[in-house]
Every structure is written in structure tokens, then in C-alpha cells.
Amino acid sequence: MLAEADAWRARDLSVLWHPCTQMREHPHTLPLVPIAHGEGAWLVGHDGTRYLDAVSSWWTNLFGHAEPRIGAAIAAQAQSLEQVMLAGFTHAPAVELAERLLAVAPHQMGRALLAKVFYADNGSAGVEVALKMAFHWFHNRGEHTRTKFIALENGYHGETLGALAVGDIPLYRRVYAPLLTEALFAPSPDAYLAQPGESPADCARRAADALATLLEDHAGEVCAVIVEPRVQCAGGMRMHHPDYLSRVRELCDASGAFLIADEIAVGFGRTGTLFASEQSGVMPDLLCLSKGLTGGFLPLAAVLATQAIYDGFLDDSRERAFLHSHSYTGNPLACAAALASLDIFRADDVLARNRATARSMATLAEPLAAHRHVADVRQAGMMLAFELTQDGDKATPFPATARIGLKAYRAALARGVVLRPLGDVLYWMPPYCVDDDALQLLADVTRHAIDEATSCA
């Protein structure tokens, strides 16, 4: 079995270029892990080693690997229709999924419901759709000065050029800066940045005040504000108070700008509600969904829009139409997977189970808060993060050269747990099927990983 795993590593390195990876780190600093199959919350290597998938395979997997109900739905759909272009054609899975997404989408008293669904292939592509829709809508109205987007410092929305332009993580955007449109960045409401004596709600209000000033300074220039509700995920699982999004909604209404909620990572039960926006009582104008949309089985994104946005593109002129397209838009197999995923939410009372699991996660994480290298433990539903610093306080981060996160990743992997850190932030985002024994293993291994990674610090 070990020889088989080694053979796959060699074959891989001869042909593949991996995402989000400095390939020079392979095969020594960051050895590849060949996976043969998945079972629930576990990944199983060719050598038989089992790994707890504590990060849900980049936050996509909801109900566990090889979930039979989703697999069966895909297989059944493949027997009748695997693909048809959605330009000029339609099919039942795309229609039914759109109906069901709109039925469960966030709503807000006094606002017209989200009314239309536009499909794309992945999260970044979904963000591109929302950005283009927002800009183009104002263009169709003759408001040609509305060309700017406001995003948040430390935010992340994807790797395509439009999505990257509204991201603020230097590691990803710095080299491509000459290619990017210029966005405006408002201070993050991140509660970790709270000043002494300031509550998370106070921090959120302070950030919202700064956003208000930015909108005033650029009155009539902003077409949309884009936000990751509740959690800035790739930015280090930084979390903020729900009051922030409520205030952003008010500011967008006052300024005439659209609110884009990027729920690609936080949607579908991750934060305790089906959508994170619900915790603020807010409905965005454009809602971006992906990752967990298909339960982690197939790539698919959906952008939900208001009827008013849709109506802004209706005209005899094709130039006023939204001509954005993807070859696999609304792919029947992916839509069938998403429908099966929604069925599981309903049949298994997933949100109630998640709330119980989240309480268990909090209990298991509590002792780690006292670790001398843990500056913060934060949680939003089934997302829980540990901020590692030299002295256990915000003022003493580890130098980047220490690579504490990488050391923790390798230490955890050696004990059968996948913890892929964000810098020096370790986090838990397991599939919803994770059981108590797996959670106990996760807590134990996390402590070992922190100890080992910081042993010489």
C-alpha cells in the first residue's frame, strides 16, 4: 500500500500543478497525500491511513464524503440528461433548484424578495456575475458615474480578476495589482481588532461609521458594497457582530448602492442559520452561493437577484442584456446534487443537529483558550478558529518565517487530522456528520499540533 501511495505521488508531480501551493515545497516540505476514497468525515489514503477532514475539503463538504443520497441523485440524473446549454434551453433540475433556493433565501420585512437565479460554475465566477450585474444595472440606467465597488479590508472573494479586485489579502492580489480595477476598501468590523473595552458590537458600529464616511466621500460613484457576512474566511476566520450587516444594509439603501452578500463559504448552515445574513435580519440585493451548494460533490454557483435588478436588463437591445455566460451554466448533474443536498437539510433537521455539534465544539475548544500561544478562540456555528501568537496576545504575532501554521498542519496530519491553517490561524470546519469521537480526536490533535509547532518559539 505504501508503494502504491508513493507511485501516485511520483505520477502526480510529473504532470500536475496544484492550487494555492508553492510547488517547490513538494515533495519534501509539504508531502502530497494521495487519497483513495472518502467515508463520511474521513479521507482514506492509498496506504490505508485515515484522515479526519476537519476543513471539509476547502469548506465544500457538508454531509460527509460519498454521501449516498447525493451520489444516487447524480447517478439518476446522469441516466437522463448530463448537460444542455442553458441559453435558449431549460431543464427540470435548474428550474426546481432555482425555485427552492428562492424559497429558502434570506428575506426582510418591507423588501421585495429575491426573485431570480443566475447560475455559474464556482464561487469566483459567482462573484464576477454579481459585480457585473451591479455595474451593468446602473449603466443601463445612464448612471455612468457608478463604477466603484466598496469591499472590506482583509476580505476575500475569489481568484479571478474581478473577484480579486475586491479582495484585500496581499498574498493573493499583490502581484496582480496592475491588472485589477481599483476598489475602495472600508475598515473590517473584525471583532479581533476591537479596541480595549470595546465589545464586538461596538467594533462593528465603528467600522460601519467608517463605511458611512466612505460612501459620503464617493456619493454617486459606488454601485455596490460586497461583504462576507459574519466571517471573513480566507482572511483568517475573522468574525464580526451581526449588527454590522444591518448597518451596511441601511447605508446601501441611503446611498443607492447595492448590497452583495458573499455567502459562498458561510452559507448552508455553517454559521448556525441556513444563511449568515439571517442573523442580521437582512436581505441582500445580490446573494452569492457556491461551495456547500451541492454538498461538496460538484462545482456550481448561484447568484440570487431581486426582481428590480432583473428588470433593469429587459430591453429590445441585446447590449442592455446580461450576456455573461459559462458553458456549464446550470449543469443538470450539479443541480441534481444541490437538490439532494436541500432534501437532506429538510429530512435530517440538519440545523438543529449542527447547533448541538457547535456546542460540543465550543466545550472541547474551551481548554485550548488557556494555551500560552492562543490569543483568541472564536466561533460562529460550526466554524471555530484559534489565533496563535508568540505570547498569547494580539501584540506578539509570530514572524512569518517561523511558519507556525505549516508546522501545525504537518503535526496534525501525522496524527490523522487535516488542519489546513490560514497563516497562523488553525480552524475547525468539519462536515456536519462528524461524531463525538472524531471531535474529541480533533481537539486532542489540535493541542498536540499547537504544542509541537510552537515548541521552539
# chains A, B, ... in the order shown; residues from 1 in each chain; ligands from 1
$ select_by_dssp --residues "region 210-445 of chain A" --states "strand (DSSP E)" --output "PyMOL selection string"
chain A and resi 222-227+231-232+238-239+258-262+286-289+301-306+374-380+383-388+417-418+425-428
$ select_by_dssp --residues "region 225-329 of chain A" --states "alpha helix (DSSP H)" --output "list in words"
Asp243, Tyr244, Leu245, Ser246, Arg247, Val248, Arg249, Glu250, Leu251, Cys252, Asp253, Ala254, Ser255, Gln307, Ala308, Ile309, Tyr310 and Asp311 of chain A
$ write_last_selection --atoms "all heavy atoms" --output "compact mmCIF listing (two decimals), in the first residue's frame"
# COMPACT_ATOMS: atom_id res chain seq x y z
N ASP A 243 -24.67 42.99 13.86
CA ASP A 243 -25.12 44.37 13.70
C ASP A 243 -24.47 45.06 12.51
O ASP A 243 -25.06 45.99 11.93
CB ASP A 243 -24.81 45.19 14.97
CG ASP A 243 -25.78 44.91 16.11
OD1 ASP A 243 -26.72 44.13 15.90
OD2 ASP A 243 -25.56 45.47 17.21
N TYR A 244 -23.28 44.61 12.16
CA TYR A 244 -22.57 45.28 11.06
C TYR A 244 -23.37 45.20 9.76
O TYR A 244 -23.58 46.20 9.08
CB TYR A 244 -21.18 44.69 10.85
CG TYR A 244 -20.42 45.38 9.75
CD1 TYR A 244 -19.91 46.66 9.94
CD2 TYR A 244 -20.24 44.79 8.51
CE1 TYR A 244 -19.22 47.33 8.93
CE2 TYR A 244 -19.55 45.44 7.50
CZ TYR A 244 -19.06 46.71 7.71
OH TYR A 244 -18.39 47.37 6.71
N LEU A 245 -23.84 44.02 9.41
CA LEU A 245 -24.55 43.86 8.15
C LEU A 245 -25.86 44.64 8.16
O LEU A 245 -26.28 45.18 7.12
CB LEU A 245 -24.80 42.38 7.86
CG LEU A 245 -25.21 42.07 6.42
CD1 LEU A 245 -24.09 42.38 5.45
CD2 LEU A 245 -25.62 40.60 6.30
N SER A 246 -26.50 44.72 9.32
CA SER A 246 -27.73 45.52 9.42
C SER A 246 -27.46 46.97 9.06
O SER A 246 -28.22 47.61 8.33
CB SER A 246 -28.30 45.44 10.83
OG SER A 246 -28.58 44.13 11.20
N ARG A 247 -26.37 47.48 9.58
CA ARG A 247 -26.00 48.88 9.30
C ARG A 247 -25.58 49.06 7.84
O ARG A 247 -25.93 50.07 7.21
CB ARG A 247 -24.86 49.29 10.24
CG ARG A 247 -24.41 50.72 10.07
CD ARG A 247 -25.48 51.71 10.44
NE ARG A 247 -24.96 53.08 10.37
CZ ARG A 247 -25.64 54.10 9.87
NH1 ARG A 247 -26.87 53.92 9.40
NH2 ARG A 247 -25.11 55.30 9.85
N VAL A 248 -24.88 48.07 7.28
CA VAL A 248 -24.50 48.15 5.87
C VAL A 248 -25.74 48.21 4.98
O VAL A 248 -25.79 48.96 4.01
CB VAL A 248 -23.60 46.97 5.47
CG1 VAL A 248 -23.31 46.98 3.97
CG2 VAL A 248 -22.28 47.01 6.24
N ARG A 249 -26.75 47.42 5.33
CA ARG A 249 -28.00 47.45 4.57
C ARG A 249 -28.59 48.86 4.57
O ARG A 249 -29.03 49.36 3.54
CB ARG A 249 -28.97 46.45 5.16
CG ARG A 249 -30.38 46.39 4.58
CD ARG A 249 -30.43 45.77 3.19
NE ARG A 249 -30.14 46.72 2.13
CZ ARG A 249 -30.05 46.37 0.86
NH1 ARG A 249 -30.23 45.11 0.48
NH2 ARG A 249 -29.77 47.28 -0.06
N GLU A 250 -28.62 49.48 5.73
CA GLU A 250 -29.16 50.83 5.85
C GLU A 250 -28.34 51.83 5.02
O GLU A 250 -28.90 52.69 4.33
CB GLU A 250 -29.18 51.27 7.30
CG GLU A 250 -30.12 50.47 8.18
CD GLU A 250 -29.94 50.79 9.65
OE1 GLU A 250 -29.06 51.62 9.97
OE2 GLU A 250 -30.66 50.20 10.49
N LEU A 251 -27.03 51.69 5.07
CA LEU A 251 -26.15 52.62 4.35
C LEU A 251 -26.28 52.43 2.84
O LEU A 251 -26.26 53.41 2.08
CB LEU A 251 -24.71 52.42 4.78
CG LEU A 251 -24.40 52.82 6.23
CD1 LEU A 251 -22.99 52.38 6.61
CD2 LEU A 251 -24.54 54.33 6.41
N CYS A 252 -26.42 51.20 2.39
CA CYS A 252 -26.61 50.96 0.96
C CYS A 252 -27.93 51.56 0.48
O CYS A 252 -27.99 52.18 -0.59
CB CYS A 252 -26.56 49.46 0.66
SG CYS A 252 -24.91 48.74 0.72
N ASP A 253 -28.96 51.39 1.28
CA ASP A 253 -30.25 51.97 0.90
C ASP A 253 -30.16 53.49 0.81
O ASP A 253 -30.70 54.11 -0.12
CB ASP A 253 -31.32 51.58 1.92
CG ASP A 253 -31.71 50.11 1.82
OD1 ASP A 253 -31.43 49.49 0.78
OD2 ASP A 253 -32.30 49.59 2.80
N ALA A 254 -29.47 54.10 1.78
CA ALA A 254 -29.38 55.56 1.80
C ALA A 254 -28.56 56.09 0.64
O ALA A 254 -28.83 57.18 0.11
CB ALA A 254 -28.78 56.02 3.13
N SER A 255 -27.54 55.34 0.22
CA SER A 255 -26.63 55.82 -0.84
C SER A 255 -27.06 55.37 -2.22
O SER A 255 -26.51 55.83 -3.23
CB SER A 255 -25.21 55.32 -0.57
OG SER A 255 -25.15 53.91 -0.70
N GLN A 307 -36.00 41.19 -8.23
CA GLN A 307 -36.76 41.42 -9.46
C GLN A 307 -36.36 42.76 -10.09
O GLN A 307 -36.28 42.88 -11.32
CB GLN A 307 -38.25 41.40 -9.18
CG GLN A 307 -39.13 41.53 -10.41
CD GLN A 307 -39.09 40.28 -11.28
OE1 GLN A 307 -39.06 39.18 -10.76
NE2 GLN A 307 -39.08 40.46 -12.59
N ALA A 308 -36.08 43.76 -9.25
CA ALA A 308 -35.71 45.08 -9.77
C ALA A 308 -34.41 45.03 -10.56
O ALA A 308 -34.27 45.69 -11.60
CB ALA A 308 -35.60 46.08 -8.62
N ILE A 309 -33.45 44.24 -10.08
CA ILE A 309 -32.19 44.11 -10.82
C ILE A 309 -32.46 43.40 -12.15
O ILE A 309 -31.99 43.83 -13.21
CB ILE A 309 -31.14 43.37 -9.98
CG1 ILE A 309 -30.70 44.26 -8.81
CG2 ILE A 309 -29.93 42.98 -10.84
CD1 ILE A 309 -29.70 43.61 -7.87
N TYR A 310 -33.21 42.32 -12.11
CA TYR A 310 -33.55 41.58 -13.33
C TYR A 310 -34.26 42.48 -14.34
O TYR A 310 -33.91 42.50 -15.53
CB TYR A 310 -34.43 40.39 -12.95
CG TYR A 310 -34.99 39.62 -14.11
CD1 TYR A 310 -34.23 38.66 -14.77
CD2 TYR A 310 -36.31 39.82 -14.54
CE1 TYR A 310 -34.75 37.92 -15.82
CE2 TYR A 310 -36.85 39.10 -15.59
CZ TYR A 310 -36.05 38.15 -16.23
OH TYR A 310 -36.58 37.44 -17.27
N ASP A 311 -35.21 43.26 -13.85
CA ASP A 311 -35.97 44.13 -14.76
C ASP A 311 -35.10 45.18 -15.42
O ASP A 311 -35.41 45.64 -16.53
CB ASP A 311 -37.10 44.82 -13.99
CG ASP A 311 -38.21 43.86 -13.60
OD1 ASP A 311 -38.28 42.75 -14.17
OD2 ASP A 311 -39.03 44.23 -12.72
$ residues_around --residues "Leu339 (chain A)" --least-positions-apart "5" --cutoff "10 Å" --atoms "only C-alpha atoms" --output "MDAnalysis selection string"
chainID A and resid 70 73:74 93:94 96:98 100:101 293:295 333:334 344
$ write_last_selection --atoms "N, CA, C and O atoms" --output "short mmCIF file (atom, residue, chain, number, x, y, z; two decimals), in the first residue's frame"
data_model
loop_
_atom_site.label_atom_id
_atom_site.label_comp_id
_atom_site.auth_asym_id
_atom_site.auth_seq_id
_atom_site.Cartn_x
_atom_site.Cartn_y
_atom_site.Cartn_z
N ILE A 70 -26.82 11.91 -2.16
CA ILE A 70 -26.39 12.83 -3.21
C ILE A 70 -25.80 12.05 -4.38
O ILE A 70 -26.07 12.35 -5.56
N ALA A 73 -28.57 10.67 -6.47
CA ALA A 73 -29.25 11.69 -7.27
C ALA A 73 -28.45 12.03 -8.53
O ALA A 73 -29.02 12.21 -9.62
N ILE A 74 -27.15 12.11 -8.39
CA ILE A 74 -26.30 12.40 -9.55
C ILE A 74 -26.36 11.24 -10.55
O ILE A 74 -26.49 11.45 -11.76
N PRO A 93 -34.01 20.14 -13.38
CA PRO A 93 -33.17 20.39 -12.20
C PRO A 93 -32.82 21.86 -12.00
O PRO A 93 -32.81 22.35 -10.86
N ALA A 94 -32.54 22.58 -13.09
CA ALA A 94 -32.20 24.00 -12.96
C ALA A 94 -33.40 24.81 -12.48
O ALA A 94 -33.27 25.69 -11.62
N GLU A 96 -36.15 23.65 -10.81
CA GLU A 96 -36.53 23.24 -9.46
C GLU A 96 -35.55 23.78 -8.42
O GLU A 96 -35.97 24.20 -7.33
N LEU A 97 -34.26 23.76 -8.73
CA LEU A 97 -33.28 24.29 -7.77
C LEU A 97 -33.47 25.78 -7.57
O LEU A 97 -33.43 26.27 -6.44
N ALA A 98 -33.69 26.51 -8.65
CA ALA A 98 -33.92 27.95 -8.52
C ALA A 98 -35.15 28.23 -7.66
O ALA A 98 -35.13 29.10 -6.77
N ARG A 100 -36.40 26.40 -5.30
CA ARG A 100 -36.16 26.06 -3.91
C ARG A 100 -35.17 27.00 -3.24
O ARG A 100 -35.31 27.33 -2.05
N LEU A 101 -34.16 27.47 -3.97
CA LEU A 101 -33.23 28.44 -3.40
C LEU A 101 -33.95 29.74 -3.07
O LEU A 101 -33.74 30.34 -2.01
N LEU A 293 -23.20 24.31 -1.78
CA LEU A 293 -24.45 24.27 -2.55
C LEU A 293 -24.79 22.86 -3.03
O LEU A 293 -25.94 22.44 -3.00
N THR A 294 -23.79 22.11 -3.46
CA THR A 294 -24.02 20.74 -3.94
C THR A 294 -23.61 19.70 -2.90
O THR A 294 -23.45 18.52 -3.23
N GLY A 295 -23.42 20.11 -1.66
CA GLY A 295 -22.97 19.19 -0.63
C GLY A 295 -21.52 18.80 -0.78
O GLY A 295 -21.04 17.89 -0.10
N LEU A 333 -26.40 17.77 -13.71
CA LEU A 333 -25.84 16.90 -12.67
C LEU A 333 -25.58 17.69 -11.39
O LEU A 333 -25.89 17.24 -10.28
N ALA A 334 -25.00 18.88 -11.53
CA ALA A 334 -24.73 19.71 -10.35
C ALA A 334 -26.03 20.17 -9.70
O ALA A 334 -26.14 20.20 -8.47
N ILE A 344 -31.68 16.81 2.11
CA ILE A 344 -31.07 16.33 3.35
C ILE A 344 -31.27 17.34 4.47
O ILE A 344 -31.54 16.96 5.61
#
$ atom_distance --atom1 "CA of Val33 (chain A)" --atom2 "CA of Arg9 (chain A)"
7.7 Å
$ closest_residue --among "A:Pro34, A:Gly110, A:Gly126, A:Pro399" --to "Leu286 (chain A)" --atoms "only C-alpha atoms"
A:Gly126
$ residues_around --residues "His144 (chain A)" --least-positions-apart "4" --cutoff "9 Å" --atoms "only C-alpha atoms" --output "ChimeraX atom specification"
/A:135,138-140,221
$ write_last_selection --atoms "N, CA and C atoms" --output "CSV table (one decimal), in the first residue's frame"
chain,number,residue,atom,x,y,z
A,135,PHE,N,-22.8,46.7,-11.7
A,135,PHE,CA,-22.3,47.8,-12.5
A,135,PHE,C,-23.2,48.0,-13.7
A,138,PHE,N,-26.7,49.9,-13.3
A,138,PHE,CA,-26.6,51.3,-13.3
A,138,PHE,C,-26.2,51.9,-14.7
A,139,HIS,N,-25.4,51.2,-15.4
A,139,HIS,CA,-25.0,51.6,-16.8
A,139,HIS,C,-26.3,51.7,-17.6
A,140,ASN,N,-27.2,50.7,-17.5
A,140,ASN,CA,-28.4,50.7,-18.3
A,140,ASN,C,-29.3,51.8,-17.9
A,221,GLU,N,-20.9,57.4,-6.8
A,221,GLU,CA,-19.9,56.7,-7.5
A,221,GLU,C,-19.9,55.2,-7.3
$ residues_around --residues "region 50-54 of chain A" --least-positions-apart "5" --cutoff "7 Å" --atoms "only C-alpha atoms" --output "list in words"
Ala41, Trp42, Leu43, Val44, Gly45, Gly416, Val417, Val418, Leu419, Trp428, Met429 and Pro430 of chain A
$ write_last_selection --atoms "N, CA, C and O atoms" --output "mmCIF file, in the first residue's frame"
data_model
loop_
_atom_site.group_PDB
_atom_site.id
_atom_site.type_symbol
_atom_site.label_atom_id
_atom_site.label_comp_id
_atom_site.auth_asym_id
_atom_site.auth_seq_id
_atom_site.Cartn_x
_atom_site.Cartn_y
_atom_site.Cartn_z
ATOM 1 N N ALA A 41 -16.902 11.738 7.446
ATOM 2 C CA ALA A 41 -16.000 12.841 7.767
ATOM 3 C C ALA A 41 -14.533 12.498 7.526
ATOM 4 O O ALA A 41 -13.650 13.297 7.839
ATOM 5 N N TRP A 42 -14.267 11.334 6.943
ATOM 6 C CA TRP A 42 -12.903 10.826 6.822
ATOM 7 C C TRP A 42 -12.452 10.710 5.372
ATOM 8 O O TRP A 42 -13.233 10.379 4.485
ATOM 9 N N LEU A 43 -11.166 10.948 5.164
ATOM 10 C CA LEU A 43 -10.486 10.662 3.908
ATOM 11 C C LEU A 43 -9.552 9.485 4.153
ATOM 12 O O LEU A 43 -8.909 9.404 5.207
ATOM 13 N N VAL A 44 -9.457 8.585 3.195
ATOM 14 C CA VAL A 44 -8.658 7.372 3.373
ATOM 15 C C VAL A 44 -7.594 7.319 2.291
ATOM 16 O O VAL A 44 -7.900 7.377 1.093
ATOM 17 N N GLY A 45 -6.346 7.225 2.716
ATOM 18 C CA GLY A 45 -5.230 7.192 1.783
ATOM 19 C C GLY A 45 -5.023 5.827 1.162
ATOM 20 O O GLY A 45 -5.576 4.815 1.617
ATOM 21 N N GLY A 416 -3.372 12.052 11.878
ATOM 22 C CA GLY A 416 -4.613 11.676 11.231
ATOM 23 C C GLY A 416 -5.689 12.730 11.179
ATOM 24 O O GLY A 416 -6.874 12.398 11.078
ATOM 25 N N VAL A 417 -5.319 14.016 11.226
ATOM 26 C CA VAL A 417 -6.298 15.099 11.136
ATOM 27 C C VAL A 417 -5.821 16.129 10.117
ATOM 28 O O VAL A 417 -4.664 16.547 10.139
ATOM 29 N N VAL A 418 -6.712 16.543 9.223
ATOM 30 C CA VAL A 418 -6.399 17.577 8.242
ATOM 31 C C VAL A 418 -6.771 18.925 8.827
ATOM 32 O O VAL A 418 -7.947 19.263 8.971
ATOM 33 N N LEU A 419 -5.769 19.706 9.190
ATOM 34 C CA LEU A 419 -5.940 21.098 9.634
ATOM 35 C C LEU A 419 -5.124 21.953 8.678
ATOM 36 O O LEU A 419 -3.906 22.060 8.825
ATOM 37 N N TRP A 428 -11.449 24.827 12.825
ATOM 38 C CA TRP A 428 -12.270 23.630 12.647
ATOM 39 C C TRP A 428 -13.483 23.984 11.811
ATOM 40 O O TRP A 428 -14.251 24.882 12.152
ATOM 41 N N MET A 429 -13.679 23.280 10.721
ATOM 42 C CA MET A 429 -14.896 23.405 9.915
ATOM 43 C C MET A 429 -15.225 22.023 9.359
ATOM 44 O O MET A 429 -15.137 21.783 8.162
ATOM 45 N N PRO A 430 -15.582 21.090 10.231
ATOM 46 C CA PRO A 430 -15.775 19.706 9.795
ATOM 47 C C PRO A 430 -17.105 19.503 9.079
ATOM 48 O O PRO A 430 -18.030 20.313 9.194
#
$ residues_around --residues "Met283 (chain A)" --least-positions-apart "4" --cutoff "8 Å" --atoms "only C-alpha atoms" --output "MDAnalysis selection string"
chainID A and resid 106:108 111 277:278
$ residues_around --residues "Leu351 (chain A)" --least-positions-apart "4" --cutoff "9 Å" --atoms "only C-alpha atoms" --output "PyMOL selection string"
chain A and resi 269-270+272-274+345+355-356
$ closest_residue --among "A:Leu259, A:Ala224, A:Leu406, A:Ala219" --to "Glu25 (chain A)" --atoms "only C-alpha atoms"
A:Leu406
$ closest_residue --among "A:Ala36, A:Ala204, A:Leu113, A:Val425" --to "Leu287 (chain A)" --atoms "only C-alpha atoms"
A:Leu113
$ atom_distance --atom1 "CA of Pro31 (chain A)" --atom2 "CA of Asp12 (chain A)"
11.5 Å
$ atom_distance --atom1 "CA of Val127 (chain A)" --atom2 "CA of Ala305 (chain A)"
12.4 Å
